[in-house]
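J.: Take this structure first; my questions come after.
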Amino acid sequence: MIAIEDKIILEALEPEKLTSGGVILPDTSTEASDRGKVLYVGPGRSVVSSGTVGEIPMQTRVGDIVAYPKNLARKVEVDGNDYYVIREAELLMIISRGEKQNG
């Protein structure tokens, strides 16, 4: 799979049912957003300003754990596996960074 432009491809992670303080979260608390692991990152979006073409670099990288709104991510099935595609600007936050890639 190859992510294009400013899109990222995620695999969904199981929602956490317990907070760090030991509070059990009801199912309704995880309905609006979800967490996922970034599998593929597009090259970024090209922009034109005053006749000059530039790139907006991506902030996410492979391996990052992110929060995303469920209603904006598009579910895609590939070889029997479910993946989610979303624009980077639609992510809510980067929860933790993945391994730094060489290069």
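Labels for the structure tokens follow display order: chains A, B, ..., residues from 1 in each chain, ligands from 1.
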Identify, on the basis of only C-alpha atoms, every residue whose closest approach to Ala3 (chain A) does not exceed 8 Å; exclude the query and any residue fewer than 4 positions from it along the same chain; express the result as a VMD selection string.
T.: chain A and resid 7 to 9 40 to 43
J.: Write out the residues from the selection above, keeping N, CA and C atoms, as an mmCIF file, in the first residue's frame.
T.:
```cif
data_model
loop_
_atom_site.group_PDB
_atom_site.id
_atom_site.type_symbol
_atom_site.label_atom_id
_atom_site.label_comp_id
_atom_site.auth_asym_id
_atom_site.auth_seq_id
_atom_site.Cartn_x
_atom_site.Cartn_y
_atom_site.Cartn_z
ATOM 1 N N LYS A 7 -2.244 11.954 3.100
ATOM 2 C CA LYS A 7 -3.026 10.911 3.766
ATOM 3 C C LYS A 7 -2.113 9.946 4.518
ATOM 4 N N ILE A 8 -2.689 9.345 5.566
ATOM 5 C CA ILE A 8 -1.986 8.307 6.297
ATOM 6 C C ILE A 8 -2.887 7.077 6.367
ATOM 7 N N ILE A 9 -2.277 5.919 6.467
ATOM 8 C CA ILE A 9 -3.006 4.662 6.581
ATOM 9 C C ILE A 9 -2.742 4.119 7.979
ATOM 10 N N TYR A 40 1.496 3.703 7.137
ATOM 11 C CA TYR A 40 2.058 4.340 5.941
ATOM 12 C C TYR A 40 1.761 5.827 5.991
ATOM 13 N N VAL A 41 2.706 6.631 5.513
ATOM 14 C CA VAL A 41 2.561 8.088 5.498
ATOM 15 C C VAL A 41 2.814 8.582 4.074
ATOM 16 N N GLY A 42 1.911 9.426 3.579
ATOM 17 C CA GLY A 42 2.085 10.010 2.254
ATOM 18 C C GLY A 42 3.228 11.019 2.249
ATOM 19 N N PRO A 43 3.623 11.489 1.072
ATOM 20 C CA PRO A 43 4.755 12.409 0.956
ATOM 21 C C PRO A 43 4.459 13.834 1.417
#
```
J.: I need the residue nearest Ile65 (chain A) from this list: A:Ser96, A:Leu13, A:Glu77, A:Ile2. Use only C-alpha atoms for the distance.
T.: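 Of A:Ser96, A:Leu13, A:Glu77, A:Ile2, the one nearest Ile65 (chain A), counting only C-alpha atoms, is A:Ser96.
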J.: Quick one: residues within 9 Å of Gly63 (chain A), only C-alpha atoms, excluding same-chain residues fewer than 2 positions away - as a ChimeraX atom specification?
T.: /A:37-40,60-61,65,96-100
J.: I need the chosen residues saved as an mmCIF file, in the first residue's frame, with N, CA and C atoms.
T.:
```cif
data_model
loop_
_atom_site.group_PDB
_atom_site.id
_atom_site.type_symbol
_atom_site.label_atom_id
_atom_site.label_comp_id
_atom_site.auth_asym_id
_atom_site.auth_seq_id
_atom_site.Cartn_x
_atom_site.Cartn_y
_atom_site.Cartn_z
ATOM 1 N N LYS A 37 -2.488 2.978 14.937
ATOM 2 C CA LYS A 37 -1.045 2.960 14.690
ATOM 3 C C LYS A 37 -0.820 3.300 13.224
ATOM 4 N N VAL A 38 0.066 4.256 12.964
ATOM 5 C CA VAL A 38 0.359 4.697 11.598
ATOM 6 C C VAL A 38 1.212 3.640 10.898
ATOM 7 N N LEU A 39 0.708 3.143 9.768
ATOM 8 C CA LEU A 39 1.430 2.129 8.995
ATOM 9 C C LEU A 39 2.145 2.724 7.787
ATOM 10 N N TYR A 40 1.496 3.703 7.137
ATOM 11 C CA TYR A 40 2.058 4.340 5.941
ATOM 12 C C TYR A 40 1.761 5.827 5.991
ATOM 13 N N THR A 60 3.431 13.318 11.036
ATOM 14 C CA THR A 60 3.366 11.942 11.528
ATOM 15 C C THR A 60 4.398 11.085 10.822
ATOM 16 N N ARG A 61 4.743 9.982 11.472
ATOM 17 C CA ARG A 61 5.657 9.031 10.846
ATOM 18 C C ARG A 61 5.211 7.612 11.197
ATOM 19 N N ILE A 65 1.455 6.461 17.334
ATOM 20 C CA ILE A 65 0.111 6.162 17.817
ATOM 21 C C ILE A 65 -0.644 7.485 17.819
ATOM 22 N N SER A 96 1.856 9.099 20.872
ATOM 23 C CA SER A 96 3.255 8.740 21.121
ATOM 24 C C SER A 96 3.962 8.513 19.800
ATOM 25 N N ARG A 97 5.252 8.744 19.813
ATOM 26 C CA ARG A 97 6.078 8.611 18.617
ATOM 27 C C ARG A 97 6.532 7.175 18.446
ATOM 28 N N GLY A 98 6.581 6.750 17.173
ATOM 29 C CA GLY A 98 7.109 5.443 16.840
ATOM 30 C C GLY A 98 8.615 5.501 16.785
ATOM 31 N N GLU A 99 9.206 4.415 16.376
ATOM 32 C CA GLU A 99 10.660 4.350 16.227
ATOM 33 C C GLU A 99 11.117 5.322 15.165
ATOM 34 N N LYS A 100 12.205 6.042 15.411
ATOM 35 C CA LYS A 100 12.758 6.961 14.409
ATOM 36 C C LYS A 100 13.369 6.152 13.284
#
```
J.: Can you tell me, as an mmCIF file with C-alpha atoms, in the first residue's frame, what residues are no more than 7 Å from Gly36 (chain A) when counting only C-alpha atoms, ignoring any on the same chain fewer than 5 positions away?
T.:
```
data_model
loop_
_atom_site.group_PDB
_atom_site.id
_atom_site.type_symbol
_atom_site.label_atom_id
_atom_site.label_comp_id
_atom_site.auth_asym_id
_atom_site.auth_seq_id
_atom_site.Cartn_x
_atom_site.Cartn_y
_atom_site.Cartn_z
ATOM 1 C CA LEU A 10 -3.762 3.365 10.087
ATOM 2 C CA GLU A 11 -4.603 0.140 11.794
ATOM 3 C CA ALA A 12 -7.111 0.581 14.602
ATOM 4 C CA LEU A 13 -6.029 -0.236 18.145
ATOM 5 C CA ILE A 65 0.111 6.162 17.817
ATOM 6 C CA VAL A 66 -2.535 8.770 16.969
ATOM 7 C CA ALA A 67 -6.054 9.763 17.993
#
```
J.: Restricting the calculation to only C-alpha atoms: of A:Gly44, A:Glu5, A:Leu92, A:Arg74, which residue gets closest to Met58 (chain A)?
T.: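 Residue with the minimum atom-to-atom distance to Met58 (chain A): A:Gly44.
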J.: Go ahead and compute the interatomic distance for CA of Arg35 (chain A) and CA of Asp82 (chain A), in Å to one decimal.
T.: 14.1 Å
J.: In terms of the shortest atom-to-atom distance over only C-alpha atoms, which of A:Asp6, A:Met1, A:Glu14, A:Ile95 is closest to Ser46 (chain A)?
T.: A:Asp6
J.: Check the smallest atom-to-atom distance from each of A:Ala89, A:Ala73, A:Ile4, A:Val48 to Asp34 (chain A) using only C-alpha atoms, then report the winner.
T.: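 Nearest candidate to Asp34 (chain A) out of A:Ala89, A:Ala73, A:Ile4, A:Val48: A:Ala73.
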